[in-house]
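Structure record follows, encoded as structure tokens.
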Amino acid sequence: MILGVGVLAAATLALIGGLHVFWALGGKLGGAAAVPERDGAPLFRPSRGATLLVAGALFAGATLLLAQIGLAAIGLPPMLVRVACWGLAFVFAARAVGDVRWVGLFKRERGTRFARLDTRVFTPLCLLLAIGCGVVAAS
């Protein structure tokens, strides 16, 4: 079970990382709905560098999960890998809880396209990733 959870979580992170690379290289598909908005305008416009940084963090997270379940060797002490996996679980749990206004379980802004996707897709996915990373970290 741990192997399956780890592989699924890592594959999900890698897929989302790939999507961020696509956006950084100029891809438009889905990008407009991935940023919170106010009055139809995005709250921020991520730079190419920031988007690639997020992609790199997602790929690193996927690699850490694979290392924790024994499918990747990354040259870090096992305890550090475990702690990093707990860190991933914390980050995704925090994202799921959100900032109380624009994203997460307790957001107040709910009428935008992003808010609807956040409620139906992004926040549940973050909760599942938090649980998956926690399960892998505890293994």
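Ordering of the structure tokens sets the chain letters (A, B, ...); residue numbers start at 1 within each chain; ligands are numbered from 1 in the order shown.
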
With a distance cut-off of 8 Å and only C-alpha atoms, select the neighbouring residues of range 79-95 of chain A, excluding the residue or stretch itself and same-chain residues fewer than 4 positions from it, and output the selection as a CSV table (one decimal) with all heavy atoms, in the first residue's frame.
```
chain,number,residue,atom,x,y,z
A,61,GLY,N,10.0,17.3,-4.8
A,61,GLY,CA,9.1,16.6,-3.9
A,61,GLY,C,8.8,15.2,-4.3
A,61,GLY,O,8.8,14.3,-3.5
A,64,LEU,N,11.8,13.1,-3.6
A,64,LEU,CA,11.9,12.8,-2.1
A,64,LEU,C,10.9,11.7,-1.8
A,64,LEU,O,11.3,10.7,-1.0
A,64,LEU,CB,11.5,14.0,-1.3
A,64,LEU,CG,12.6,15.1,-1.2
A,64,LEU,CD1,12.1,16.4,-0.7
A,64,LEU,CD2,13.8,14.6,-0.4
A,65,LEU,N,9.7,11.7,-2.3
A,65,LEU,CA,8.8,10.6,-2.0
A,65,LEU,C,9.3,9.3,-2.6
A,65,LEU,O,9.2,8.3,-1.9
A,65,LEU,CB,7.4,10.9,-2.6
A,65,LEU,CG,6.6,12.1,-2.0
A,65,LEU,CD1,5.4,12.4,-2.8
A,65,LEU,CD2,6.3,11.7,-0.5
A,67,ALA,N,12.4,8.5,-3.0
A,67,ALA,CA,13.5,8.1,-2.2
A,67,ALA,C,13.0,7.4,-0.9
A,67,ALA,O,13.5,6.4,-0.4
A,67,ALA,CB,14.4,9.3,-1.9
A,68,GLN,N,12.0,8.0,-0.3
A,68,GLN,CA,11.4,7.5,0.9
A,68,GLN,C,10.9,6.1,0.8
A,68,GLN,O,11.0,5.3,1.7
A,68,GLN,CB,10.3,8.4,1.5
A,68,GLN,CG,9.7,8.0,2.8
A,68,GLN,CD,10.6,7.9,4.0
A,68,GLN,OE1,11.7,8.5,4.0
A,68,GLN,NE2,10.2,7.2,5.0
A,99,ASP,N,-5.5,30.6,2.8
A,99,ASP,CA,-5.2,31.9,3.4
A,99,ASP,C,-6.5,32.6,4.0
A,99,ASP,O,-6.4,33.8,4.3
A,99,ASP,CB,-4.5,32.8,2.4
A,99,ASP,CG,-5.5,33.2,1.3
A,99,ASP,OD1,-6.6,32.7,1.2
A,99,ASP,OD2,-5.0,34.0,0.4
A,103,VAL,N,-7.8,31.3,-1.2
A,103,VAL,CA,-7.6,29.9,-1.5
A,103,VAL,C,-7.9,29.0,-0.2
A,103,VAL,O,-7.9,29.5,0.9
A,103,VAL,CB,-6.2,29.6,-2.0
A,103,VAL,CG1,-5.9,30.3,-3.2
A,103,VAL,CG2,-5.2,29.9,-0.9
A,104,GLY,N,-8.2,27.7,-0.5
A,104,GLY,CA,-8.3,26.8,0.6
A,104,GLY,C,-9.7,26.5,1.1
A,104,GLY,O,-10.7,27.1,0.6
A,123,THR,N,-8.0,22.3,-3.8
A,123,THR,CA,-8.0,22.0,-2.3
A,123,THR,C,-8.1,20.5,-2.0
A,123,THR,O,-7.3,20.0,-1.2
A,123,THR,CB,-9.0,22.8,-1.6
A,123,THR,OG1,-8.7,24.2,-1.7
A,123,THR,CG2,-9.1,22.5,-0.1
A,126,CYS,N,-4.8,18.9,-2.8
A,126,CYS,CA,-3.8,19.2,-1.8
A,126,CYS,C,-4.0,18.4,-0.5
A,126,CYS,O,-3.1,18.0,0.1
A,126,CYS,CB,-3.8,20.7,-1.5
A,126,CYS,SG,-3.0,21.7,-2.8
A,127,LEU,N,-5.3,18.2,-0.1
A,127,LEU,CA,-5.6,17.4,1.0
A,127,LEU,C,-5.1,15.9,0.8
A,127,LEU,O,-4.4,15.3,1.7
A,127,LEU,CB,-7.0,17.4,1.4
A,127,LEU,CG,-7.6,18.6,2.1
A,127,LEU,CD1,-9.1,18.5,2.2
A,127,LEU,CD2,-7.0,18.6,3.5
A,129,LEU,N,-2.8,15.0,-1.3
A,129,LEU,CA,-1.3,15.0,-1.3
A,129,LEU,C,-0.7,15.1,0.1
A,129,LEU,O,0.3,14.4,0.4
A,129,LEU,CB,-0.8,16.1,-2.2
A,129,LEU,CG,-0.9,15.9,-3.7
A,129,LEU,CD1,-0.6,17.1,-4.5
A,129,LEU,CD2,0.0,14.7,-4.2
A,130,ALA,N,-1.3,15.9,0.9
A,130,ALA,CA,-0.9,16.0,2.3
A,130,ALA,C,-1.0,14.6,3.0
A,130,ALA,O,0.0,14.2,3.7
A,130,ALA,CB,-1.7,17.0,3.1
A,131,ILE,N,-2.1,14.0,2.8
A,131,ILE,CA,-2.3,12.6,3.4
A,131,ILE,C,-1.3,11.6,2.8
A,131,ILE,O,-0.6,10.9,3.6
A,131,ILE,CB,-3.7,12.1,3.2
A,131,ILE,CG1,-4.7,13.0,4.0
A,131,ILE,CG2,-3.8,10.7,3.6
A,131,ILE,CD1,-6.1,12.8,3.7
A,132,GLY,N,-1.1,11.6,1.5
A,132,GLY,CA,-0.2,10.7,0.9
A,132,GLY,C,1.3,10.9,1.3
A,132,GLY,O,2.0,10.0,1.6
A,133,CYS,N,1.7,12.2,1.4
A,133,CYS,CA,3.0,12.5,1.8
A,133,CYS,C,3.2,12.1,3.3
A,133,CYS,O,4.3,11.6,3.7
A,133,CYS,CB,3.3,14.0,1.7
A,133,CYS,SG,3.4,14.5,-0.1
A,134,GLY,N,2.2,12.3,4.1
A,134,GLY,CA,2.2,11.9,5.5
A,134,GLY,C,2.4,10.4,5.7
A,134,GLY,O,3.1,9.9,6.5
A,136,VAL,N,3.6,8.3,3.5
A,136,VAL,CA,4.9,7.9,3.0
A,136,VAL,C,6.0,8.3,4.0
A,136,VAL,O,6.9,7.5,4.3
A,136,VAL,CB,5.2,8.5,1.6
A,136,VAL,CG1,6.7,8.4,1.2
A,136,VAL,CG2,4.3,7.9,0.5
A,137,ALA,N,5.8,9.5,4.6
A,137,ALA,CA,6.8,9.9,5.6
A,137,ALA,C,6.8,9.0,6.8
A,137,ALA,O,7.8,8.7,7.4
A,137,ALA,CB,6.5,11.3,6.0
A,138,ALA,N,5.6,8.5,7.2
A,138,ALA,CA,5.5,7.7,8.4
A,138,ALA,C,5.9,6.2,8.1
A,138,ALA,O,6.1,5.5,9.1
A,138,ALA,CB,4.0,7.6,8.9
```

>> Quick check for you: according to DSSP on this backbone, which residues of chain A are classed as alpha helix (DSSP H)? Reply as an NGL selection string.
In response: :A and (2-24 or 48-68 or 78-97 or 113-117 or 123-138)

>> Calculated over only C-alpha atoms, which of the candidates A:Trp102, A:Phe122, A:Leu15, A:Arg116 has the smallest distance to Arg38 in chain A?
In response: A:Trp102

> Which residues come within 8 Å of Thr63 in chain A, counting only C-alpha atoms, excluding same-chain residues fewer than 6 positions away, as JSON, numbers by chain?
Replying inline: {"A": [10, 72, 74]}

Can you write just those residues out, all heavy atoms, as an mmCIF file, in the first residue's frame?
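Done, and the output landed in again39.cif:
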```
data_model
loop_
_atom_site.group_PDB
_atom_site.id
_atom_site.type_symbol
_atom_site.label_atom_id
_atom_site.label_comp_id
_atom_site.auth_asym_id
_atom_site.auth_seq_id
_atom_site.Cartn_x
_atom_site.Cartn_y
_atom_site.Cartn_z
ATOM 1 N N ALA A 10 3.938 10.804 -5.994
ATOM 2 C CA ALA A 10 5.091 11.293 -6.757
ATOM 3 C C ALA A 10 4.705 11.566 -8.209
ATOM 4 O O ALA A 10 5.116 12.584 -8.786
ATOM 5 C CB ALA A 10 6.239 10.285 -6.683
ATOM 6 N N ALA A 72 14.214 5.576 -5.430
ATOM 7 C CA ALA A 72 15.207 6.529 -5.936
ATOM 8 C C ALA A 72 16.303 6.678 -4.889
ATOM 9 O O ALA A 72 16.026 6.645 -3.697
ATOM 10 C CB ALA A 72 14.553 7.883 -6.214
ATOM 11 N N ILE A 74 19.062 9.321 -3.667
ATOM 12 C CA ILE A 74 19.399 10.729 -3.863
ATOM 13 C C ILE A 74 20.581 11.175 -3.006
ATOM 14 O O ILE A 74 20.951 12.338 -3.037
ATOM 15 C CB ILE A 74 18.178 11.632 -3.621
ATOM 16 C CG1 ILE A 74 17.618 11.471 -2.216
ATOM 17 C CG2 ILE A 74 17.119 11.378 -4.668
ATOM 18 C CD1 ILE A 74 16.502 12.432 -1.884
#
```
